[in-house]
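Below: the structure, in structure tokens.
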Amino acid sequence: MMISIYIEGKKYTVEDSKNILETCLSLGFDIPYFCWHPALGSVGACRQCAVKQQHFGNAIKDTKSHLVMSCMTPVADGSSIIIFDDEVEEFRKSILELLMINHPHDCPICEEGGNCHLQDMTAMVGQTYRRYRFNKRTHYNQYLGPFIGHEMNRCITCYRCIRYYNDYAGGDDLGVFGVHDNIYFGRVQDGMLRSEFSGNLIEICPTGVFTDKTQSQNYTRKWDMIFAPSICQQCSVGCNIIVGERYGKLCRVENRYNGNINGYFLCDRGRFGCNYVNIDNRPKIPSNKQGDNWVVLNERQAIQEAANGLKYNCNRIIGIGSSRASMESNFSLLKLVGPDNFYNGINNLEQERLLLIIEILCNSGIQVPSLREVESYDTVLILGEDLTQTGARVALSIRQVVKGKARKDAGDQGIFDWQSAAIINSSQGIKNNILITGVDKTKLDDVAILTYYDSVQNQARFGFAIAHALDHTAPEVKDFDSKLNEKLDIVVQKLMEAHKPLIISGSNAGSKELIASAANIARALKNRGSEVGITFIVGEVNSIGLVMLGKKSLDAALVDICSTDTSSVGLIVLESDLYRHAQANQVDVALNKVNYLIVLDHQCTLIQKKANLVLPVSSFVESDGTVINYEGRAQRFFRLYKPQSYEKNTVILESWRWLYLIHDCYINYIRKKNLHIDQIIDAIIYYFPKLIGIKQASPDASFRIYGQKLARAPHRYSGRTAMYANVDVHEPYISQDDDTMFSFSMEGNHNVQSFHKQVAFAWAPGWNSPQAWNKFQDKVGENLYSGNPGIRVLHTDNGSTLSWFNMIPQSFKIMKNVDRWLIVPYWHLFGSEETSQRSKCIQDCMPNPYVMLNQLDALQLKIQKNMLLKFTCADQILCLPIKFSTNLPTGHIGLPLGFPDIPLFLSGMYAQDVQGVLL
């Protein structure tokens with residue numbers, strides 16, 4: 001309901017369910033605060049947000065007013081709020097002085113300097129003088145792991161850290177200790193924080209208590225960095241991030257607010273896993289193999305060599321794409337080799353799963369919720385997907401689903417949604433229903449009311465049985481295990497009771513049947529009238545986009561290369577390590593058939609040793625491009641810097657630019673104008689009209705050319721001359737960017753209410769910290785002024801054109817007296833993803849490679865803890881330390897897929913020659 005209030009004598013119409021602080025911030029007023037946060041609500045711990053409030057019938061005659069804490073006071077119809085008043089301002093000033101009594105004088109060396117909410121609030125209230133001259137309280141700082149630094153002396157006891165870590169993210173190893181003026185936030189003992197979302201403490205904390213250790217390795221103040229809006233490349237969720245650089249090094253990764261996706265929070269892989277772009281042993285100069293030697297080439301020579309090598313040595317050119325490369329890069333490869341010769345680089349089984357997911361998303365008529373919408377569902381069934389490891393940001397949203405019932409019941413009692421402590425106290429542990437199936441325990445099991453551990457085949461049968469129980473026209477599971485009837489009844493009952501159930505599965509479990517069963521359940525619920533939603537998590541950042549461009553798999557490419565009659569086959573591999581996705585012997589045989597091999601990548605891979613030409617390409621922070629996430633949302637990332645600006649001898653281009661330049665040289669085409677990414681996007685939608693949405697995900701070309709540029713740097717950006725002194729003593733021209741609407745400087749527009757959706761950095765007058773996002777939103781915690789970036793390119797039709805899926809698998813049977821063990825994946829946030837595992841800090845957190853075995857199987861094999869497990873799979877011999885599980889089904893072997901020397905394609909294959917080996 002909308003009500004009328006007066007702020008500083010002016011009338012406003014506002015929502016009656018909000019508190020005064022959120023209402024005033026949404027209207028553009030500046031009120032200092034510490035403990036309140038849009039995602040965490042209010043507890044009234046800091047007393048910094050005081051205002052005066054008047055209740056009256058006639059605003060002119062009634063002069064009574066009293067101080068209230070605006071974060072704890074709801075707006076009231078007809079009330080008057082005074083923000084700027086001598087008494088109010090003196091009160092805020094006094095509170096801040098008390099909070100600062102024990103705060104150290106270390107702003108010059110604090111990593112948060114210039115990015116600190118405490119600094120902003122100190123300036124806002126005008127507290128410029130300290131009267132306290134005695135000893136300050138001091139604390140011991142803890143080791144919290146390789147990601148997060150701890151400086152407890154800077155704490156102002158706002159309680160945000162534990163409210164986020166424990167109440168919001170579900171952590172259990174960070175607490176508050178002590179009483180009175182001796183409060184301590186930390187762990188019982190030193191050690192790495194266990195939550196996959198611990199990095200958000202850096203932005204949640206309004207001071208410098210929790211700092212980014214990875215940033216400290218290339219530390220630069222915020223005002224001395226160039227920023228760019230980007231997309232996290234480490235999984236398929238596509239969280240929005242801000243990346244910052246100086247001296248050609250990636251220095252900072254921050255959360256970029258997007259009201260549809262990640263909101264205020266990232267997972268730790270996304271925040272800390274990008275340092276692979278800074279490693280020194282990456283390709284930086286084109287190299288041509290001549291005999292046993294590598295010859296360095298310049299840009300023109302590399303293009304000519306590539307064109308000549310393909311033209312004069314190859315009758316057929318095959319291109320293998322990559323799901324970690326952009327749409328523009330994959331399309332450029334497709335354009336160079338032709339649609340018939342383009343292979344997407346995904347193995348057969350994974351491609352089948354991805355195509356099935358796209359078919360369901362487009363033709364099932366079932367709602368595909370955004371990440372923000374996920375939090376509005378009241379029951380969630382997760383089939384086979386270990387969300388915290390494969391789509392961590394989705395798992396964080398599922399934790400908010402759990403609290404939905406408590407929020408609803410509290411609302412029925414008259415408690416507002418922002419009164420977080422009252423909601424917790426009134427909830428008495430009630431929660432929404434989370435139901436999980438998997439091969440073993442997951443990090444979400446602590447909030448689940450039901451878990452079911454079994455083989456993926458039996459999980460799929462369980463899913464099909466759920467669908468049949470909900471709708472008897474769905475296919476029936478023959479010979480269903482009666483021991484599971486109790487679990488089946490519970491799941492069916494909870495789904496039938498739900499108003500908005502959500503079904504989640506994905507490709508990472510390695511089962512097409514599991515995906516089909518999820519679709520059947522969702523359809524059955526829709527037939528019952530539920531507002532059902534469906535979500536599928538996939539492998540990599542652009543997996544969905546890649547299969548939309550080409551449906552020929554990596555396996556097909558290897559077969560075609562080997563079956564080609566002539567030996568004059570050319571192969572171009574785009575940003576992919578083939579040995580990660582296909583059997584080594586198959587790759588070796590295929591490469592031996594290749595007459596000329598070109599590899600484009602920003603990382604060193606095994607396949608480069610066999611290449612004739614290696615072309616260094618830009619990482620995502622050095623290039624522009626578009627990716628399509630798990631829900632079919634196209635999103636644009638932007639170049640942060642040009643490597644050549646800092647290292648003149650490097651020859652690093654975007655992969656799409658290399659491929660187009662090679663194409664032009666190959667056909668002897670002289671391009672009259674410089675190549676722009678907009679031209680490639682136009683070509684993509686010409687050949688693939690269904691992808692027209694990626695044009696809307698990109699900045700408008702006319703604005704890029706004719707409009708005022710947008711600044712990549714804050715207005716205090718300094719040192720533009722000295723920055724390049726190690727390259728050239730003469731002041732260089734500022735780098736130009738013809739592909740986007742951004743400038744590589746502080747010059748340009750940064751109006752927070754302007755019409756652009758792409759925000760390079762969160763800054764507004766008086767707001768230097770990440771709390772500045774309230775200045776970019778139409779309402780605090782809602783959408784950006786110009787709408788959230790990104791556009792759906794997969795559209796769900798209202799009516800379903802799909803029939804029931806009937807691919808019910810046979811139940812898993814242990815083959816007695818047969819040495820065959822089914823490989824199942826164990827995914828890890830740190831280690832399973834290809835690029836982030838190259839970051840030093842991630843390597844420090846990766847578990848050592850291992851093999852998981854059921855304890856009963858270990859007894860059968862006479863294996864003990866002090867032994868290794870040796871086995872053969874896909875002609876590869878593995879010998880790994882053993883971990884034991886009581887939940888992993890017998891007859892299975894669990895492997896941390898994606899780890900070095902443990903390739904992805906092993907999922908669903910069988911191991912043989914299994915035996916224990918003494919250490």
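Scheme for the structure tokens: letters A, B, ... for chains in order shown; per-chain residue numbers from 1; ligand numbers from 1 in order shown.
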Tell me, counting only C-alpha atoms, for each residue of region 326-373 of chain A within 8 Å of region 676-693 of chain A, which pair of atoms is nearest and how far apart they are in Å to one decimal, in rows ordered by chain and increasing number, as a tab-separated table.
```
residue	atom	partner	partner_atom	distance
A:Glu328	CA	A:Ile680	CA	6.3
A:Phe331	CA	A:Ile684	CA	6.8
A:Ser332	CA	A:Ile680	CA	7.6
```
Those residues with all heavy atoms, as a PDB file, in the first residue's frame please?
```pdb
ATOM      1  N   GLU A 328      31.229 -14.265 -29.914  1.00  0.00           N
ATOM      2  CA  GLU A 328      31.894 -13.629 -31.055  1.00  0.00           C
ATOM      3  C   GLU A 328      33.087 -14.451 -31.526  1.00  0.00           C
ATOM      4  O   GLU A 328      33.301 -14.626 -32.730  1.00  0.00           O
ATOM      5  CB  GLU A 328      32.340 -12.214 -30.683  1.00  0.00           C
ATOM      6  CG  GLU A 328      31.208 -11.228 -30.457  1.00  0.00           C
ATOM      7  CD  GLU A 328      30.564 -11.331 -29.089  1.00  0.00           C
ATOM      8  OE1 GLU A 328      31.031 -12.153 -28.259  1.00  0.00           O
ATOM      9  OE2 GLU A 328      29.594 -10.606 -28.834  1.00  0.00           O
ATOM     10  N   PHE A 331      31.829 -17.711 -33.174  1.00  0.00           N
ATOM     11  CA  PHE A 331      31.247 -17.437 -34.483  1.00  0.00           C
ATOM     12  C   PHE A 331      32.338 -17.099 -35.500  1.00  0.00           C
ATOM     13  O   PHE A 331      32.242 -17.497 -36.671  1.00  0.00           O
ATOM     14  CB  PHE A 331      30.249 -16.284 -34.398  1.00  0.00           C
ATOM     15  CG  PHE A 331      29.706 -15.878 -35.737  1.00  0.00           C
ATOM     16  CD1 PHE A 331      28.701 -16.617 -36.340  1.00  0.00           C
ATOM     17  CD2 PHE A 331      30.216 -14.786 -36.424  1.00  0.00           C
ATOM     18  CE1 PHE A 331      28.214 -16.270 -37.602  1.00  0.00           C
ATOM     19  CE2 PHE A 331      29.737 -14.424 -37.669  1.00  0.00           C
ATOM     20  CZ  PHE A 331      28.730 -15.176 -38.257  1.00  0.00           C
ATOM     21  N   SER A 332      33.365 -16.376 -35.074  1.00  0.00           N
ATOM     22  CA  SER A 332      34.453 -16.032 -35.995  1.00  0.00           C
ATOM     23  C   SER A 332      35.150 -17.281 -36.505  1.00  0.00           C
ATOM     24  O   SER A 332      35.542 -17.357 -37.680  1.00  0.00           O
ATOM     25  CB  SER A 332      35.452 -15.111 -35.290  1.00  0.00           C
ATOM     26  OG  SER A 332      34.828 -13.926 -34.868  1.00  0.00           O
TER      27      SER A 332
END
```
Give me, as a PyMOL selection string, all polymer residues having an atom no more than 9 Å from Gly506 (chain A), counting only C-alpha atoms and skipping those fewer than 6 positions away in the same chain. chain A and resi 353-354+357+383-385+512+514-515+535-539
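Around Ala406 (chain A), within 10 Å and counting only C-alpha atoms, the residues found are A:Val401, A:Val402, A:Lys403, A:Gly404, A:Lys408, A:Asp409, A:Ala410, A:Gly411, A:Asp412, A:Asp417, A:Ile423, A:Ile424, A:Asn425, A:Ser426, A:Ser427, A:Gln428, A:Gly429, A:Ile430, A:Lys431, A:Asn432, once anything fewer than 2 positions away on its own chain is removed.
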What would the file look like if the residues just selected were written as a PDB file, in the first residue's frame with N, CA and C atoms?
```
ATOM      1  N   VAL A 401      15.665 -19.182   0.072  1.00  0.00           N
ATOM      2  CA  VAL A 401      14.363 -19.843  -0.071  1.00  0.00           C
ATOM      3  C   VAL A 401      13.956 -20.475   1.254  1.00  0.00           C
ATOM      4  N   VAL A 402      14.922 -21.077   1.930  1.00  0.00           N
ATOM      5  CA  VAL A 402      14.645 -21.756   3.203  1.00  0.00           C
ATOM      6  C   VAL A 402      13.950 -20.818   4.185  1.00  0.00           C
ATOM      7  N   LYS A 403      14.323 -19.537   4.159  1.00  0.00           N
ATOM      8  CA  LYS A 403      13.798 -18.576   5.124  1.00  0.00           C
ATOM      9  C   LYS A 403      12.468 -17.955   4.691  1.00  0.00           C
ATOM     10  N   GLY A 404      11.994 -18.322   3.508  1.00  0.00           N
ATOM     11  CA  GLY A 404      10.780 -17.708   2.990  1.00  0.00           C
ATOM     12  C   GLY A 404       9.567 -17.925   3.863  1.00  0.00           C
ATOM     13  N   LYS A 408       7.237 -15.130   5.700  1.00  0.00           N
ATOM     14  CA  LYS A 408       5.800 -15.042   5.457  1.00  0.00           C
ATOM     15  C   LYS A 408       5.026 -15.092   6.779  1.00  0.00           C
ATOM     16  N   ASP A 409       5.395 -16.025   7.658  1.00  0.00           N
ATOM     17  CA  ASP A 409       4.704 -16.125   8.943  1.00  0.00           C
ATOM     18  C   ASP A 409       4.914 -14.871   9.781  1.00  0.00           C
ATOM     19  N   ALA A 410       6.125 -14.308   9.711  1.00  0.00           N
ATOM     20  CA  ALA A 410       6.389 -13.075  10.442  1.00  0.00           C
ATOM     21  C   ALA A 410       5.545 -11.936   9.892  1.00  0.00           C
ATOM     22  N   GLY A 411       5.393 -11.886   8.566  1.00  0.00           N
ATOM     23  CA  GLY A 411       4.549 -10.866   7.966  1.00  0.00           C
ATOM     24  C   GLY A 411       3.105 -10.976   8.416  1.00  0.00           C
ATOM     25  N   ASP A 412       2.620 -12.218   8.579  1.00  0.00           N
ATOM     26  CA  ASP A 412       1.257 -12.416   9.071  1.00  0.00           C
ATOM     27  C   ASP A 412       1.092 -11.902  10.501  1.00  0.00           C
ATOM     28  N   ASP A 417       9.522  -7.204   6.703  1.00  0.00           N
ATOM     29  CA  ASP A 417      10.540  -8.058   6.108  1.00  0.00           C
ATOM     30  C   ASP A 417      11.954  -7.623   6.482  1.00  0.00           C
ATOM     31  N   ILE A 423      12.323 -11.567  12.870  1.00  0.00           N
ATOM     32  CA  ILE A 423      11.929 -12.716  12.045  1.00  0.00           C
ATOM     33  C   ILE A 423      12.600 -13.985  12.555  1.00  0.00           C
ATOM     34  N   ILE A 424      13.893 -13.884  12.879  1.00  0.00           N
ATOM     35  CA  ILE A 424      14.616 -15.059  13.387  1.00  0.00           C
ATOM     36  C   ILE A 424      14.017 -15.526  14.707  1.00  0.00           C
ATOM     37  N   ASN A 425      13.714 -14.580  15.577  1.00  0.00           N
ATOM     38  CA  ASN A 425      13.189 -14.945  16.896  1.00  0.00           C
ATOM     39  C   ASN A 425      11.781 -15.535  16.811  1.00  0.00           C
ATOM     40  N   SER A 426      10.995 -15.046  15.865  1.00  0.00           N
ATOM     41  CA  SER A 426       9.614 -15.527  15.760  1.00  0.00           C
ATOM     42  C   SER A 426       9.493 -16.823  14.968  1.00  0.00           C
ATOM     43  N   SER A 427      10.531 -17.139  14.188  1.00  0.00           N
ATOM     44  CA  SER A 427      10.416 -18.282  13.274  1.00  0.00           C
ATOM     45  C   SER A 427      10.426 -19.620  13.998  1.00  0.00           C
ATOM     46  N   GLN A 428      11.174 -19.692  15.111  1.00  0.00           N
ATOM     47  CA  GLN A 428      11.270 -20.951  15.867  1.00  0.00           C
ATOM     48  C   GLN A 428      11.685 -22.121  14.972  1.00  0.00           C
ATOM     49  N   GLY A 429      12.554 -21.833  14.025  1.00  0.00           N
ATOM     50  CA  GLY A 429      13.109 -22.905  13.202  1.00  0.00           C
ATOM     51  C   GLY A 429      12.261 -23.342  12.031  1.00  0.00           C
ATOM     52  N   ILE A 430      11.111 -22.709  11.779  1.00  0.00           N
ATOM     53  CA  ILE A 430      10.301 -23.119  10.626  1.00  0.00           C
ATOM     54  C   ILE A 430      11.013 -22.720   9.340  1.00  0.00           C
ATOM     55  N   LYS A 431      10.852 -23.527   8.313  1.00  0.00           N
ATOM     56  CA  LYS A 431      11.539 -23.236   7.064  1.00  0.00           C
ATOM     57  C   LYS A 431      10.806 -23.877   5.897  1.00  0.00           C
ATOM     58  N   ASN A 432      11.096 -23.362   4.720  1.00  0.00           N
ATOM     59  CA  ASN A 432      10.565 -23.966   3.505  1.00  0.00           C
ATOM     60  C   ASN A 432      11.264 -25.285   3.227  1.00  0.00           C
TER      61      ASN A 432
END
```
May I ask for the distance between CA of Ile814 (chain A) and CA of Ser517 (chain A), given in Å to one decimal place?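 CA of Ile814 (chain A) sits 22.8 Å away from CA of Ser517 (chain A).
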Interatomic distance (Å, one decimal) between CA of Ser511 (chain A) and CA of Leu334 (chain A):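 Those two atoms sit 28.8 Å apart.
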Please extract the residues of region 217-434 of chain A with a backbone DSSP assignment of alpha helix (DSSP H) and present them as a ChimeraX atom specification. /A:268-272,299-313,327-337,348-363,371-374,387-390,392-402,404-412,420-427
Please tabulate, as a tab-separated table, the residues of region 233-352 of chain A that come within 12 Å of region 165-183 of chain A, each with its closest pair of atoms and the distance in Å to one decimal, counting only C-alpha atoms and ordering rows by chain, then residue number upward.
```
residue	atom	partner	partner_atom	distance
A:Tyr264	CA	A:Tyr168	CA	12.0
A:Phe265	CA	A:Ala169	CA	10.0
A:Leu266	CA	A:Ala169	CA	11.1
A:Cys267	CA	A:Ala169	CA	10.4
```
So that I can check the surroundings of region 129-139 of chain A, please list as number ranges by chain every protein, DNA and RNA residue that reaches within 7 Å of it, counting only C-alpha atoms and ignoring chain neighbours fewer than 5 positions away. A: 101-102, 152-153
12 Å contact set for Ala460 (chain A), only C-alpha atoms, chain neighbours under 4 positions out, as a compact mmCIF listing (two decimals) with N, CA, C and O atoms, in the first residue's frame:
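See selection-v1.txt below for the written result:
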```
# COMPACT_ATOMS: atom_id res chain seq x y z
N ILE A 382 16.03 -30.62 -5.70
CA ILE A 382 17.30 -30.62 -6.42
C ILE A 382 17.63 -32.05 -6.79
O ILE A 382 17.79 -32.92 -5.92
N LEU A 383 17.74 -32.32 -8.08
CA LEU A 383 17.99 -33.66 -8.58
C LEU A 383 19.43 -33.79 -9.07
O LEU A 383 19.77 -33.32 -10.15
N GLY A 384 20.28 -34.40 -8.25
CA GLY A 384 21.61 -34.81 -8.69
C GLY A 384 22.64 -33.73 -8.83
O GLY A 384 23.77 -34.02 -9.22
N THR A 437 18.49 -34.97 -3.99
CA THR A 437 19.04 -36.28 -4.35
C THR A 437 20.46 -36.08 -4.85
O THR A 437 20.79 -35.04 -5.42
N GLY A 438 21.30 -37.08 -4.64
CA GLY A 438 22.69 -37.00 -5.09
C GLY A 438 23.40 -38.31 -4.85
O GLY A 438 22.84 -39.25 -4.29
N VAL A 439 24.66 -38.36 -5.26
CA VAL A 439 25.45 -39.57 -5.02
C VAL A 439 26.11 -39.53 -3.65
O VAL A 439 26.56 -40.56 -3.14
N TYR A 452 18.37 -38.08 -0.46
CA TYR A 452 18.35 -39.45 -1.01
C TYR A 452 19.63 -39.63 -1.81
O TYR A 452 19.87 -38.94 -2.80
N TYR A 453 20.48 -40.57 -1.37
CA TYR A 453 21.76 -40.82 -2.02
C TYR A 453 21.69 -42.15 -2.78
O TYR A 453 21.36 -43.19 -2.20
N ASP A 454 22.01 -42.10 -4.06
CA ASP A 454 21.99 -43.31 -4.88
C ASP A 454 22.68 -43.02 -6.20
O ASP A 454 23.10 -41.89 -6.47
N SER A 455 22.76 -44.03 -7.04
CA SER A 455 23.34 -43.86 -8.37
C SER A 455 22.48 -42.89 -9.19
O SER A 455 21.29 -42.70 -8.89
N VAL A 456 23.07 -42.31 -10.22
CA VAL A 456 22.29 -41.37 -11.04
C VAL A 456 21.15 -42.08 -11.75
O VAL A 456 20.09 -41.50 -11.98
N PHE A 464 11.35 -39.93 -12.15
CA PHE A 464 10.22 -40.35 -12.99
C PHE A 464 9.06 -40.86 -12.13
O PHE A 464 7.88 -40.64 -12.47
N ALA A 465 9.39 -41.53 -11.02
CA ALA A 465 8.33 -42.02 -10.13
C ALA A 465 7.59 -40.86 -9.46
O ALA A 465 6.37 -40.92 -9.26
N ILE A 466 8.32 -39.79 -9.13
CA ILE A 466 7.68 -38.59 -8.57
C ILE A 466 6.69 -38.02 -9.57
O ILE A 466 5.54 -37.68 -9.23
N ALA A 467 7.13 -37.89 -10.83
CA ALA A 467 6.26 -37.33 -11.86
C ALA A 467 5.00 -38.17 -12.03
O ALA A 467 3.89 -37.64 -12.16
N VAL A 477 7.19 -46.01 -13.63
CA VAL A 477 8.45 -46.71 -13.43
C VAL A 477 8.15 -48.15 -13.04
O VAL A 477 7.58 -48.42 -11.97
N PHE A 480 9.62 -50.43 -9.43
CA PHE A 480 10.17 -49.39 -8.56
C PHE A 480 10.45 -49.98 -7.18
O PHE A 480 9.65 -50.75 -6.63
N SER A 505 17.98 -29.23 -11.71
CA SER A 505 18.87 -30.32 -12.09
C SER A 505 19.97 -29.70 -12.95
O SER A 505 20.21 -28.50 -12.88
N ALA A 509 25.67 -33.81 -13.29
CA ALA A 509 25.52 -35.16 -12.74
C ALA A 509 25.84 -36.22 -13.78
O ALA A 509 26.03 -37.40 -13.43
N GLY A 510 25.89 -35.82 -15.04
CA GLY A 510 26.25 -36.76 -16.10
C GLY A 510 25.12 -37.66 -16.55
O GLY A 510 25.37 -38.76 -17.04
N SER A 511 23.86 -37.20 -16.42
CA SER A 511 22.73 -38.07 -16.76
C SER A 511 21.67 -37.29 -17.54
O SER A 511 21.06 -36.36 -17.01
N LYS A 512 21.46 -37.70 -18.78
CA LYS A 512 20.38 -37.12 -19.58
C LYS A 512 19.03 -37.53 -19.02
O LYS A 512 18.06 -36.75 -19.05
N GLU A 513 18.94 -38.73 -18.47
CA GLU A 513 17.69 -39.22 -17.92
C GLU A 513 17.26 -38.41 -16.69
O GLU A 513 16.07 -38.19 -16.46
N LEU A 514 18.22 -37.98 -15.91
CA LEU A 514 17.91 -37.17 -14.73
C LEU A 514 17.30 -35.83 -15.14
O LEU A 514 16.36 -35.33 -14.52
N ILE A 515 17.83 -35.24 -16.21
CA ILE A 515 17.29 -33.99 -16.74
C ILE A 515 15.86 -34.20 -17.22
O ILE A 515 14.96 -33.38 -16.96
N ALA A 516 15.63 -35.31 -17.93
CA ALA A 516 14.29 -35.61 -18.44
C ALA A 516 13.30 -35.82 -17.30
O ALA A 516 12.14 -35.38 -17.37
N SER A 517 13.74 -36.47 -16.23
CA SER A 517 12.84 -36.70 -15.11
C SER A 517 12.46 -35.38 -14.44
O SER A 517 11.32 -35.21 -13.99
N ALA A 518 13.41 -34.44 -14.38
CA ALA A 518 13.11 -33.12 -13.82
C ALA A 518 12.04 -32.42 -14.65
O ALA A 518 11.14 -31.77 -14.10
N ALA A 519 12.15 -32.53 -15.97
CA ALA A 519 11.15 -31.92 -16.85
C ALA A 519 9.78 -32.55 -16.64
O ALA A 519 8.76 -31.85 -16.63
N ASN A 520 9.73 -33.86 -16.48
CA ASN A 520 8.45 -34.54 -16.24
C ASN A 520 7.82 -34.08 -14.93
O ASN A 520 6.60 -33.86 -14.84
N ILE A 521 8.63 -33.93 -13.89
CA ILE A 521 8.10 -33.48 -12.60
C ILE A 521 7.52 -32.07 -12.73
O ILE A 521 6.42 -31.79 -12.25
N PHE A 805 8.63 -37.33 -21.29
CA PHE A 805 9.87 -38.06 -21.55
C PHE A 805 9.73 -39.47 -20.98
O PHE A 805 9.26 -39.66 -19.86
N ASN A 806 10.18 -40.44 -21.77
CA ASN A 806 9.99 -41.84 -21.38
C ASN A 806 11.32 -42.59 -21.31
O ASN A 806 11.35 -43.81 -21.44
N MET A 807 12.42 -41.84 -21.13
CA MET A 807 13.74 -42.47 -21.13
C MET A 807 14.11 -42.96 -19.72
O MET A 807 15.13 -42.57 -19.15
N ILE A 808 13.26 -43.83 -19.17
CA ILE A 808 13.48 -44.33 -17.81
C ILE A 808 14.59 -45.37 -17.85
O ILE A 808 14.49 -46.38 -18.55
N PRO A 809 15.69 -45.13 -17.10
CA PRO A 809 16.80 -46.08 -17.15
C PRO A 809 16.52 -47.33 -16.32
O PRO A 809 15.64 -47.35 -15.46
N GLN A 810 17.28 -48.35 -16.58
CA GLN A 810 17.25 -49.53 -15.72
C GLN A 810 17.91 -49.19 -14.39
O GLN A 810 18.78 -48.33 -14.31
N SER A 811 17.45 -49.84 -13.33
CA SER A 811 18.07 -49.58 -12.03
C SER A 811 19.52 -50.06 -12.05
O SER A 811 19.88 -50.99 -12.78
N PHE A 812 20.34 -49.37 -11.27
CA PHE A 812 21.76 -49.70 -11.25
C PHE A 812 21.97 -51.06 -10.57
O PHE A 812 21.45 -51.31 -9.48
```
For Ser70 (chain A), work out the shell of residues within 8 Å, counting only C-alpha atoms and skipping chain neighbours fewer than 6 positions away, then give it as a PyMOL selection string. chain A and resi 19-21+49-51
Please provide as a list of chain:residue names all residues within 7 Å of Gly126 (chain A), with the sequence filter that same-chain residues fewer than 3 positions apart are discarded (counting only C-alpha atoms). A:Lys93, A:Thr122, A:Ala123
Write a file of the selected residues as an mmCIF file, in the first residue's frame, keeping N, CA, C and O atoms.
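The new file result-v8.cif reads:
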```
data_model
loop_
_atom_site.group_PDB
_atom_site.id
_atom_site.type_symbol
_atom_site.label_atom_id
_atom_site.label_comp_id
_atom_site.auth_asym_id
_atom_site.auth_seq_id
_atom_site.Cartn_x
_atom_site.Cartn_y
_atom_site.Cartn_z
ATOM 1 N N LYS A 93 27.028 12.660 15.180
ATOM 2 C CA LYS A 93 28.443 12.964 15.351
ATOM 3 C C LYS A 93 28.977 12.333 16.637
ATOM 4 O O LYS A 93 30.073 11.768 16.670
ATOM 5 N N THR A 122 32.179 9.123 8.149
ATOM 6 C CA THR A 122 32.886 10.118 8.956
ATOM 7 C C THR A 122 32.823 11.484 8.286
ATOM 8 O O THR A 122 32.565 12.508 8.938
ATOM 9 N N ALA A 123 33.044 11.485 6.971
ATOM 10 C CA ALA A 123 32.946 12.746 6.239
ATOM 11 C C ALA A 123 31.511 13.252 6.206
ATOM 12 O O ALA A 123 31.258 14.465 6.300
#
```
Atom pair CA of His828 (chain A) / CA of Asp268 (chain A): separation (Å):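 Atom-to-atom, CA of His828 (chain A) to CA of Asp268 (chain A), that is 11.8 Å.
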Which one of A:Tyr276, A:Tyr312, A:Tyr717, A:Phe830 sits closest to Cys235 (chain A) if you count only C-alpha atoms?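 Nearest to Cys235 (chain A): A:Phe830.
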Restricting the calculation to only C-alpha atoms, which member of A:Val209, A:Ala302, A:Leu67, A:Ala764 is positioned closest to Val651 (chain A)?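 Answer, going by the shortest atom-to-atom distance: A:Ala302.
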